[in-house]
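Peer 1: This is input-v6.cif, which holds mmCIF, C-alpha atoms and all ligand atoms:
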```
data_final
#
loop_
_atom_site.label_atom_id
_atom_site.label_comp_id
_atom_site.auth_asym_id
_atom_site.auth_seq_id
_atom_site.Cartn_x
_atom_site.Cartn_y
_atom_site.Cartn_z
CA MET L 16 9.16 -11.89 94.33
CA ASN L 17 11.48 -14.42 92.71
CA SER L 18 15.16 -13.48 92.33
CA LEU L 19 16.82 -14.14 88.99
CA ALA L 20 17.54 -17.85 88.55
CA ALA L 21 17.93 -18.22 84.78
CA MET L 22 18.45 -16.34 81.56
CA ILE L 23 16.81 -17.72 78.39
CA PHE L 24 18.23 -16.67 75.04
CA ASP L 25 16.85 -16.62 71.53
CA VAL L 26 19.53 -17.50 68.95
CA ASP L 27 19.10 -15.95 65.50
CA GLY L 28 19.67 -12.22 65.63
CA THR L 29 20.16 -12.27 69.41
CA LEU L 30 23.31 -14.32 69.99
CA ALA L 31 24.70 -13.61 66.52
CA ASP L 32 23.75 -11.86 63.30
CA THR L 33 22.90 -15.10 61.54
CA GLU L 34 20.09 -14.14 59.18
CA ARG L 35 22.33 -13.23 56.23
CA ALA L 36 23.88 -16.70 56.54
CA HIS L 37 20.43 -18.32 56.70
CA LEU L 38 19.44 -16.32 53.59
CA LEU L 39 22.55 -17.41 51.68
CA ALA L 40 21.87 -21.01 52.69
CA PHE L 41 18.24 -20.89 51.52
CA ASN L 42 19.30 -19.45 48.15
CA GLN L 43 22.09 -22.01 47.71
CA ALA L 44 19.67 -24.83 48.51
CA PHE L 45 17.23 -23.52 45.89
CA ALA L 46 20.01 -23.30 43.29
CA SER L 47 21.29 -26.80 44.10
CA ALA L 48 17.77 -28.13 43.54
CA GLY L 49 17.65 -26.42 40.13
CA LEU L 50 15.03 -23.90 41.24
CA ASP L 51 15.20 -20.31 39.99
CA TRP L 52 13.94 -18.94 43.33
CA HIS L 53 16.14 -16.26 44.85
CA TRP L 54 15.28 -14.34 48.00
CA SER L 55 16.61 -10.76 48.19
CA VAL L 56 17.28 -9.08 51.55
CA PRO L 57 14.03 -7.01 51.43
CA VAL L 58 11.99 -10.10 50.51
CA TYR L 59 13.68 -12.07 53.30
CA LYS L 60 12.92 -9.30 55.84
CA ASP L 61 9.23 -9.89 55.18
CA LEU L 62 9.59 -13.68 55.07
CA LEU L 63 11.14 -13.62 58.56
CA ALA L 64 7.64 -13.05 59.90
CA VAL L 65 7.18 -16.76 59.18
CA THR L 66 9.35 -18.47 61.78
CA GLY L 67 11.02 -21.77 60.98
CA GLY L 68 12.82 -22.51 57.73
CA LYS L 69 10.51 -25.27 56.49
CA GLU L 70 7.45 -23.15 57.30
CA ARG L 71 9.10 -20.18 55.49
CA ILE L 72 9.73 -22.21 52.32
CA ARG L 73 6.17 -23.53 52.32
CA TYR L 74 4.73 -20.04 52.82
CA TYR L 75 6.86 -18.72 49.93
CA ILE L 76 5.67 -21.47 47.59
CA ASP L 77 2.02 -21.01 48.60
CA GLN L 78 2.14 -17.22 48.22
CA THR L 79 4.36 -16.68 45.20
CA GLN L 80 4.56 -19.88 43.12
CA PRO L 81 0.93 -20.69 42.25
CA GLY L 82 1.87 -22.90 39.32
CA PHE L 83 4.47 -24.93 41.19
CA THR L 84 4.00 -28.69 41.09
CA TYR L 85 5.78 -30.61 43.86
CA PRO L 86 7.92 -33.47 42.54
CA GLY L 87 6.25 -36.02 44.85
CA ASP L 88 5.26 -35.44 48.45
CA ALA L 89 5.23 -31.75 49.46
CA ASP L 90 6.48 -32.31 53.03
CA ALA L 91 9.34 -34.52 51.82
CA PHE L 92 10.31 -32.03 49.12
CA ILE L 93 10.41 -29.12 51.58
CA ALA L 94 12.27 -31.24 54.13
CA GLY L 95 14.87 -32.10 51.47
CA LEU L 96 15.40 -28.48 50.50
CA HIS L 97 15.66 -27.54 54.16
CA ALA L 98 18.18 -30.30 54.90
CA GLU L 99 20.45 -28.90 52.19
CA LYS L 100 19.92 -25.39 53.58
CA THR L 101 20.96 -26.64 57.04
CA ARG L 102 24.08 -28.29 55.58
CA VAL L 103 25.14 -25.00 53.96
CA TYR L 104 24.38 -22.98 57.11
CA LYS L 105 26.38 -25.35 59.33
CA ALA L 106 29.34 -25.07 56.93
CA ILE L 107 29.22 -21.26 57.21
CA ALA L 108 29.12 -21.47 61.03
CA GLY L 109 31.94 -24.03 60.92
CA GLN L 110 34.13 -21.58 59.02
CA GLY L 111 33.88 -19.22 62.01
CA LYS L 112 31.96 -16.64 59.97
CA LEU L 113 29.26 -16.08 62.60
CA PRO L 114 30.78 -14.29 65.61
CA LEU L 115 28.67 -13.72 68.73
CA ARG L 116 27.27 -10.20 69.10
CA PRO L 117 29.02 -7.80 71.49
CA GLY L 118 28.53 -8.67 75.15
CA VAL L 119 26.99 -12.11 74.62
CA ALA L 120 29.99 -14.26 75.65
CA ARG L 121 30.79 -11.89 78.53
CA LEU L 122 27.23 -12.13 79.88
CA PHE L 123 27.28 -15.95 79.59
CA ARG L 124 30.52 -16.04 81.60
CA GLU L 125 29.17 -13.66 84.26
CA ALA L 126 26.08 -15.85 84.61
CA ARG L 127 28.13 -19.04 84.95
CA GLU L 128 30.33 -17.48 87.62
CA ALA L 129 27.28 -16.25 89.55
CA GLY L 130 25.35 -19.53 89.26
CA VAL L 131 22.61 -18.03 87.10
CA ARG L 132 21.37 -20.84 84.85
CA LEU L 133 21.43 -20.53 81.04
CA ALA L 134 18.97 -21.84 78.47
CA ILE L 135 18.09 -21.45 74.79
CA ALA L 136 14.63 -20.99 73.23
CA THR L 137 14.73 -20.80 69.44
CA THR L 138 12.84 -21.81 66.34
CA THR L 139 16.00 -22.71 64.45
CA THR L 140 17.19 -26.26 63.80
CA PRO L 141 19.12 -27.83 66.76
CA ALA L 142 22.16 -28.59 64.54
CA ASN L 143 22.44 -24.88 63.74
CA VAL L 144 22.55 -24.01 67.44
CA THR L 145 25.23 -26.62 68.09
CA ALA L 146 27.37 -25.37 65.19
CA LEU L 147 27.06 -21.74 66.26
CA LEU L 148 27.79 -22.30 69.95
CA GLN L 149 30.67 -24.72 69.45
CA HIS L 150 32.41 -22.56 66.88
CA THR L 151 32.14 -19.44 69.00
CA LEU L 152 32.43 -20.64 72.61
CA GLY L 153 34.36 -23.90 72.24
CA ALA L 154 33.77 -27.64 72.15
CA ASP L 155 32.12 -27.78 75.60
CA ALA L 156 29.70 -24.91 74.86
CA LEU L 157 26.56 -27.06 74.90
CA GLU L 158 27.26 -27.89 78.56
CA TRP L 159 26.86 -24.21 79.41
CA PHE L 160 23.13 -24.48 78.68
CA GLU L 161 20.88 -26.48 80.91
CA VAL L 162 18.07 -26.64 78.37
CA ILE L 163 18.27 -26.10 74.61
CA GLY L 164 14.76 -25.78 73.21
CA ALA L 165 15.02 -25.64 69.42
CA GLY L 166 13.28 -26.33 66.12
CA ASP L 167 10.46 -28.84 65.83
CA ILE L 168 10.49 -29.85 69.51
CA VAL L 169 7.23 -27.93 69.92
CA GLU L 170 4.48 -27.95 67.35
CA ARG L 171 3.80 -24.21 67.28
CA LYS L 172 6.88 -22.06 66.70
CA LYS L 173 7.26 -18.42 67.80
CA PRO L 174 5.32 -16.11 68.06
CA ALA L 175 3.52 -18.86 70.02
CA PRO L 176 4.92 -19.07 73.57
CA ASP L 177 5.31 -22.88 73.39
CA ILE L 178 9.12 -23.04 73.13
CA TYR L 179 9.49 -20.77 76.19
CA LEU L 180 6.91 -22.81 78.13
CA TYR L 181 8.83 -25.96 77.18
CA VAL L 182 12.12 -24.47 78.42
CA LEU L 183 10.55 -23.20 81.67
CA GLU L 184 9.09 -26.63 82.33
CA ARG L 185 12.44 -28.33 81.71
CA LEU L 186 14.19 -25.80 83.96
CA GLY L 187 11.54 -26.40 86.62
CA LEU L 188 11.22 -22.65 87.09
CA ASP L 189 8.41 -20.14 87.16
CA ALA L 190 8.62 -17.41 84.51
CA SER L 191 9.00 -14.85 87.30
CA ALA L 192 12.44 -16.32 88.15
CA CYS L 193 13.72 -15.89 84.57
CA ILE L 194 14.47 -13.26 81.98
CA ALA L 195 14.41 -13.67 78.19
CA PHE L 196 16.56 -12.10 75.46
CA GLU L 197 15.07 -11.55 72.02
CA ASP L 198 15.66 -9.56 68.84
CA SER L 199 12.33 -9.62 67.00
CA ALA L 200 8.67 -8.73 67.53
CA GLY L 201 7.65 -12.36 67.07
CA GLY L 202 10.20 -13.55 69.58
CA LEU L 203 9.14 -10.86 72.06
CA ARG L 204 5.49 -11.91 71.64
CA ALA L 205 6.44 -15.52 72.43
CA ALA L 206 8.39 -14.53 75.54
CA LEU L 207 5.74 -12.10 76.83
CA ASP L 208 3.00 -14.67 76.33
CA ALA L 209 5.05 -17.02 78.49
CA ASP L 210 5.03 -14.21 81.13
CA LEU L 211 8.75 -13.53 80.81
CA THR L 212 10.39 -10.17 81.41
CA THR L 213 12.24 -9.59 78.14
CA ILE L 214 15.25 -7.56 77.02
CA VAL L 215 15.48 -6.89 73.27
CA THR L 216 18.59 -6.20 71.21
CA VAL L 217 17.69 -5.14 67.68
CA ASN L 218 19.57 -5.76 64.42
CA GLU L 219 19.33 -4.87 60.72
CA PHE L 220 16.41 -7.25 60.19
CA THR L 221 14.37 -6.16 63.22
CA HIS L 222 15.15 -2.54 64.15
CA HIS L 223 11.82 -1.43 62.63
CA HIS L 224 9.70 -3.94 64.62
CA PRO L 225 7.33 -2.79 67.38
CA PHE L 226 8.64 -3.75 70.82
CA GLU L 227 5.84 -2.74 73.18
CA GLY L 228 6.07 -4.66 76.43
CA ALA L 229 9.86 -5.13 76.34
CA ALA L 230 11.64 -4.23 79.58
CA LEU L 231 14.52 -2.67 77.69
CA VAL L 232 15.27 -2.25 73.98
CA LEU L 233 18.95 -1.84 73.08
CA ASN L 234 20.94 -1.76 69.86
CA GLN L 235 23.28 -4.37 71.42
CA LEU L 236 24.27 -5.73 74.87
CA GLY L 237 27.47 -3.70 74.59
CA GLU L 238 30.88 -3.95 76.19
CA PRO L 239 32.80 -1.58 78.50
CA ASP L 240 34.52 -0.13 75.42
CA GLN L 241 31.46 -0.51 73.12
CA PRO L 242 28.52 1.29 74.76
CA PHE L 243 24.96 0.34 73.89
CA THR L 244 22.29 2.77 72.72
CA VAL L 245 19.07 2.60 74.74
CA LEU L 246 16.13 2.60 72.31
CA SER L 247 13.50 2.31 75.02
CA GLY L 248 13.33 1.58 78.73
CA ASP L 249 15.53 2.58 81.64
CA ALA L 250 19.14 1.37 81.79
CA GLY L 251 19.84 3.48 84.90
CA GLY L 252 22.80 5.25 83.30
CA SER L 253 24.70 2.03 82.46
CA THR L 254 26.57 1.86 79.17
CA PHE L 255 26.61 -1.92 78.72
CA LEU L 256 24.48 -4.78 79.98
CA ASP L 257 26.12 -6.75 82.78
CA LEU L 258 24.53 -9.22 85.17
CA ALA L 259 23.95 -6.49 87.76
CA LEU L 260 21.83 -4.52 85.28
CA VAL L 261 19.97 -7.68 84.19
CA ARG L 262 19.12 -8.31 87.87
CA ARG L 263 17.93 -4.71 88.35
CA VAL L 264 15.71 -4.89 85.26
CA HIS L 265 14.34 -8.25 86.40
CA GLU L 266 13.64 -7.02 89.95
CA ARG L 267 11.96 -3.85 88.74
CA LEU L 268 9.69 -5.67 86.30
CA SER L 269 8.83 -8.63 88.49
CA ALA L 270 8.08 -6.50 91.60
CA PRO L 271 4.44 -6.64 92.69
CA VAL L 272 2.49 -3.61 91.47
CA GLY L 273 1.24 -1.11 94.12
C1 LIG Z 301 14.76 -17.46 63.57
C2 LIG Z 301 14.07 -18.24 62.55
C3 LIG Z 301 14.72 -19.42 61.98
C4 LIG Z 301 15.88 -19.13 61.08
C5 LIG Z 301 16.09 -20.29 60.15
O1 LIG Z 301 14.40 -18.00 64.81
O2 LIG Z 301 12.94 -17.97 62.24
O3 LIG Z 301 13.74 -20.07 61.23
O4 LIG Z 301 15.66 -17.97 60.29
O5 LIG Z 301 16.34 -21.47 60.83
P1 LIG Z 301 14.98 -17.52 66.26
P2 LIG Z 301 15.77 -22.89 60.32
O6 LIG Z 301 15.28 -16.06 66.19
O7 LIG Z 301 13.84 -17.85 67.20
O8 LIG Z 301 16.18 -18.36 66.56
O9 LIG Z 301 15.84 -22.88 58.82
O10 LIG Z 301 16.67 -23.91 60.95
O11 LIG Z 301 14.34 -22.99 60.81
MG MG Z 302 15.60 -14.14 66.76
#
```
Could I get this file's structure written as structure tokens?
Peer 2:
Amino acid sequence: MNSLAAMIFDVDGTLADTERAHLLAFNQAFASAGLDWHWSVPVYKDLLAVTGGKERIRYYIDQTQPGFTYPGDADAFIAGLHAEKTRVYKAIAGQGKLPLRPGVARLFREAREAGVRLAIATTTTPANVTALLQHTLGADALEWFEVIGAGDIVERKKPAPDIYLYVLERLGLDASACIAFEDSAGGLRAALDADLTTIVTVNEFTHHHPFEGAALVLNQLGEPDQPFTVLSGDAGGSTFLDLALVRRVHERLSAPVG
């Protein structure tokens, strides 16, 4: 059995509640382009099943705007809309409006002190990850992460396992030496299909998702003064997720059966 060598984190919904900011940014980009498209929260909840912003815009056009004529090349048009969306999102992150979820910074620090390696596996645009991490953890935050797998670096986004496989390869580690953190069913699927033990923290956009196969499902990582609620799995009586509990979950799930 491999002991825990690295923790791999999803970004949106896991490190921070970012989806309302993504939604605002999509809608602002549509308005700036003179489009009368406006995604409500319920519509966006469904659209989140399509991972990746460019893919989400394309899906929306294909499904709901049958009469839409692209002004020129479709890929270039979507890329332009998405670039404006990224600009707006980065500005929101830069204003410090996207705090990390409870327990995230503490767990990062515990890992760094213990020599457990950190990595990111996300479908979001790399510039969004940089903006979020630097404005929450400080200017040197990117150095905390040995691998940042993000955006278009792999062809197939989550729920395909590709981004996790990419990160594992770059870390030079077997999945059995790692644990993943996710917030959505699609993210969990990606991690499980990369053979990763996975802890899920849900949020307003994902609490209704099915999480079969997760090692532990929590409402948040929690803090000593902000206990988590265990939604499924065994937290052994703990009230927040520290590195010791991560190690116990990892050992239990990666132990040979029988
Ligand atoms: C969440 C996503 C992303 C964001 C938007 O991915 O699906 O597409 O909603 O980001 P994850 P972009 O939870 O894996 O981070 O517009 O930059 O794609
Ligand atoms: Mg996510």
Peer 1: Show me, as a list in words, the residues that have an atom within 10 Å of Pro117 (chain L) when counting all atoms listed in the file, minus same-chain residues fewer than 6 positions from it.
Peer 2: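 Final neighbour list, sorted by chain and number: Leu30, Ala31, Gln235, Leu236, Gly237, Glu238, Gln241, Pro242, Phe243 and Phe255 of chain L.
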Peer 1: Work out how far CA of Ile168 (chain L) is from CA of Val182 (chain L), in Å to one decimal.
Peer 2: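 We find that CA of Val182 (chain L) and CA of Ile168 (chain L) lie 10.5 Å from each other.
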Peer 1: Nearest to Asp189 (chain L) among L:Phe83, L:Ser269, L:Ile214, L:Val261, with distances taken over all atoms listed in the file: which residue is it?
Peer 2: L:Ser269
Peer 1: Which one is closest to ligand MG 302 (chain Z): L:Asp27, L:Asp257, L:Glu128, L:Glu184? Count only C-alpha atoms and all ligand atoms.
Peer 2: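 Looking only at the distances to ligand MG 302 (chain Z), the closest residue turns out to be L:Asp27.
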Peer 1: Name each residue within 6 Å of ligand LIG 301 (chain Z), counting all atoms listed in the file, as a list in words.
Peer 2: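 These are the residues that qualify: Asp25, Val26, Asp27, Gly28, Glu34, His37, Leu63, Thr66, Gly67, Gly68, Thr137, Thr138, Thr139 and Thr140 of chain L.
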Peer 1: Kindly give the distance, in Å, that separates CA of Ala190 (chain L) and CA of Ile178 (chain L), rounded to a single decimal.
Peer 2: 12.7 Å
Peer 1: Could you list, as a PDB file with C-alpha atoms, in the frame of the given file, all residues that come within 12 Å of ligand MG 302 (chain Z)? Count all atoms listed in the file.
Peer 2:
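Printed below is pocket_34.pdb as written:
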```pdb
ATOM      1  CA  PHE L  24      18.230 -16.670  75.040  1.00  0.00           C
ATOM      2  CA  ASP L  25      16.850 -16.620  71.530  1.00  0.00           C
ATOM      3  CA  VAL L  26      19.530 -17.500  68.950  1.00  0.00           C
ATOM      4  CA  ASP L  27      19.100 -15.950  65.500  1.00  0.00           C
ATOM      5  CA  GLY L  28      19.670 -12.220  65.630  1.00  0.00           C
ATOM      6  CA  THR L  29      20.160 -12.270  69.410  1.00  0.00           C
ATOM      7  CA  LEU L  30      23.310 -14.320  69.990  1.00  0.00           C
ATOM      8  CA  ALA L  31      24.700 -13.610  66.520  1.00  0.00           C
ATOM      9  CA  ASP L  32      23.750 -11.860  63.300  1.00  0.00           C
ATOM     10  CA  THR L  33      22.900 -15.100  61.540  1.00  0.00           C
ATOM     11  CA  GLU L  34      20.090 -14.140  59.180  1.00  0.00           C
ATOM     12  CA  HIS L  37      20.430 -18.320  56.700  1.00  0.00           C
ATOM     13  CA  LEU L  63      11.140 -13.620  58.560  1.00  0.00           C
ATOM     14  CA  ALA L  64       7.640 -13.050  59.900  1.00  0.00           C
ATOM     15  CA  VAL L  65       7.180 -16.760  59.180  1.00  0.00           C
ATOM     16  CA  THR L  66       9.350 -18.470  61.780  1.00  0.00           C
ATOM     17  CA  GLY L  67      11.020 -21.770  60.980  1.00  0.00           C
ATOM     18  CA  ILE L 135      18.090 -21.450  74.790  1.00  0.00           C
ATOM     19  CA  ALA L 136      14.630 -20.990  73.230  1.00  0.00           C
ATOM     20  CA  THR L 137      14.730 -20.800  69.440  1.00  0.00           C
ATOM     21  CA  THR L 138      12.840 -21.810  66.340  1.00  0.00           C
ATOM     22  CA  THR L 139      16.000 -22.710  64.450  1.00  0.00           C
ATOM     23  CA  ALA L 165      15.020 -25.640  69.420  1.00  0.00           C
ATOM     24  CA  LYS L 172       6.880 -22.060  66.700  1.00  0.00           C
ATOM     25  CA  LYS L 173       7.260 -18.420  67.800  1.00  0.00           C
ATOM     26  CA  PRO L 174       5.320 -16.110  68.060  1.00  0.00           C
ATOM     27  CA  ALA L 195      14.410 -13.670  78.190  1.00  0.00           C
ATOM     28  CA  PHE L 196      16.560 -12.100  75.460  1.00  0.00           C
ATOM     29  CA  GLU L 197      15.070 -11.550  72.020  1.00  0.00           C
ATOM     30  CA  ASP L 198      15.660  -9.560  68.840  1.00  0.00           C
ATOM     31  CA  SER L 199      12.330  -9.620  67.000  1.00  0.00           C
ATOM     32  CA  ALA L 200       8.670  -8.730  67.530  1.00  0.00           C
ATOM     33  CA  GLY L 201       7.650 -12.360  67.070  1.00  0.00           C
ATOM     34  CA  GLY L 202      10.200 -13.550  69.580  1.00  0.00           C
ATOM     35  CA  LEU L 203       9.140 -10.860  72.060  1.00  0.00           C
ATOM     36  CA  ARG L 204       5.490 -11.910  71.640  1.00  0.00           C
ATOM     37  CA  ALA L 205       6.440 -15.520  72.430  1.00  0.00           C
ATOM     38  CA  ALA L 206       8.390 -14.530  75.540  1.00  0.00           C
ATOM     39  CA  VAL L 215      15.480  -6.890  73.270  1.00  0.00           C
ATOM     40  CA  THR L 216      18.590  -6.200  71.210  1.00  0.00           C
ATOM     41  CA  VAL L 217      17.690  -5.140  67.680  1.00  0.00           C
ATOM     42  CA  ASN L 218      19.570  -5.760  64.420  1.00  0.00           C
ATOM     43  CA  GLU L 219      19.330  -4.870  60.720  1.00  0.00           C
ATOM     44  CA  PHE L 220      16.410  -7.250  60.190  1.00  0.00           C
ATOM     45  CA  THR L 221      14.370  -6.160  63.220  1.00  0.00           C
ATOM     46  CA  HIS L 222      15.150  -2.540  64.150  1.00  0.00           C
ATOM     47  CA  HIS L 224       9.700  -3.940  64.620  1.00  0.00           C
TER      48      HIS L 224
END
```
Peer 1: Is it possible to add N, CA and C atoms to region 49-70 of chain L and hand it back as a tab-separated table (two decimals), in the coordinates of the input?
Peer 2:
```tsv
chain	number	residue	atom	x	y	z
L	49	GLY	N	18.01	-26.82	41.49
L	49	GLY	CA	17.65	-26.42	40.13
L	49	GLY	C	16.46	-25.48	40.07
L	50	LEU	N	16.16	-24.85	41.19
L	50	LEU	CA	15.03	-23.90	41.24
L	50	LEU	C	15.53	-22.49	40.96
L	51	ASP	N	14.74	-21.68	40.28
L	51	ASP	CA	15.20	-20.31	39.99
L	51	ASP	C	14.69	-19.32	41.06
L	52	TRP	N	14.38	-19.82	42.24
L	52	TRP	CA	13.94	-18.94	43.33
L	52	TRP	C	15.17	-18.27	43.93
L	53	HIS	N	15.04	-16.97	44.18
L	53	HIS	CA	16.14	-16.26	44.85
L	53	HIS	C	15.54	-15.20	45.76
L	54	TRP	N	15.83	-15.30	47.05
L	54	TRP	CA	15.28	-14.34	48.00
L	54	TRP	C	16.26	-13.18	48.18
L	55	SER	N	15.78	-11.95	47.94
L	55	SER	CA	16.61	-10.76	48.19
L	55	SER	C	16.51	-10.43	49.69
L	56	VAL	N	17.34	-9.49	50.13
L	56	VAL	CA	17.28	-9.08	51.55
L	56	VAL	C	15.91	-8.48	51.89
L	57	PRO	N	15.36	-7.55	51.08
L	57	PRO	CA	14.03	-7.01	51.43
L	57	PRO	C	12.94	-8.09	51.46
L	58	VAL	N	12.98	-9.01	50.50
L	58	VAL	CA	11.99	-10.10	50.51
L	58	VAL	C	12.16	-10.93	51.77
L	59	TYR	N	13.41	-11.22	52.12
L	59	TYR	CA	13.68	-12.07	53.30
L	59	TYR	C	13.22	-11.38	54.59
L	60	LYS	N	13.38	-10.04	54.64
L	60	LYS	CA	12.92	-9.30	55.84
L	60	LYS	C	11.44	-9.59	56.09
L	61	ASP	N	10.66	-9.60	55.02
L	61	ASP	CA	9.23	-9.89	55.18
L	61	ASP	C	9.00	-11.37	55.51
L	62	LEU	N	9.77	-12.24	54.84
L	62	LEU	CA	9.59	-13.68	55.07
L	62	LEU	C	9.94	-14.09	56.50
L	63	LEU	N	10.76	-13.28	57.18
L	63	LEU	CA	11.14	-13.62	58.56
L	63	LEU	C	9.95	-13.63	59.50
L	64	ALA	N	8.85	-13.00	59.06
L	64	ALA	CA	7.64	-13.05	59.90
L	64	ALA	C	7.15	-14.48	60.04
L	65	VAL	N	7.50	-15.33	59.07
L	65	VAL	CA	7.18	-16.76	59.18
L	65	VAL	C	8.38	-17.43	59.83
L	66	THR	N	8.21	-17.87	61.07
L	66	THR	CA	9.35	-18.47	61.78
L	66	THR	C	9.48	-19.95	61.41
L	67	GLY	N	10.73	-20.38	61.36
L	67	GLY	CA	11.02	-21.77	60.98
L	67	GLY	C	11.29	-21.85	59.48
L	68	GLY	N	12.41	-22.47	59.13
L	68	GLY	CA	12.82	-22.51	57.73
L	68	GLY	C	11.88	-23.30	56.85
L	69	LYS	N	11.42	-24.45	57.32
L	69	LYS	CA	10.51	-25.27	56.49
L	69	LYS	C	9.19	-24.52	56.29
L	70	GLU	N	8.71	-23.91	57.37
L	70	GLU	CA	7.45	-23.15	57.30
L	70	GLU	C	7.62	-21.96	56.35
```
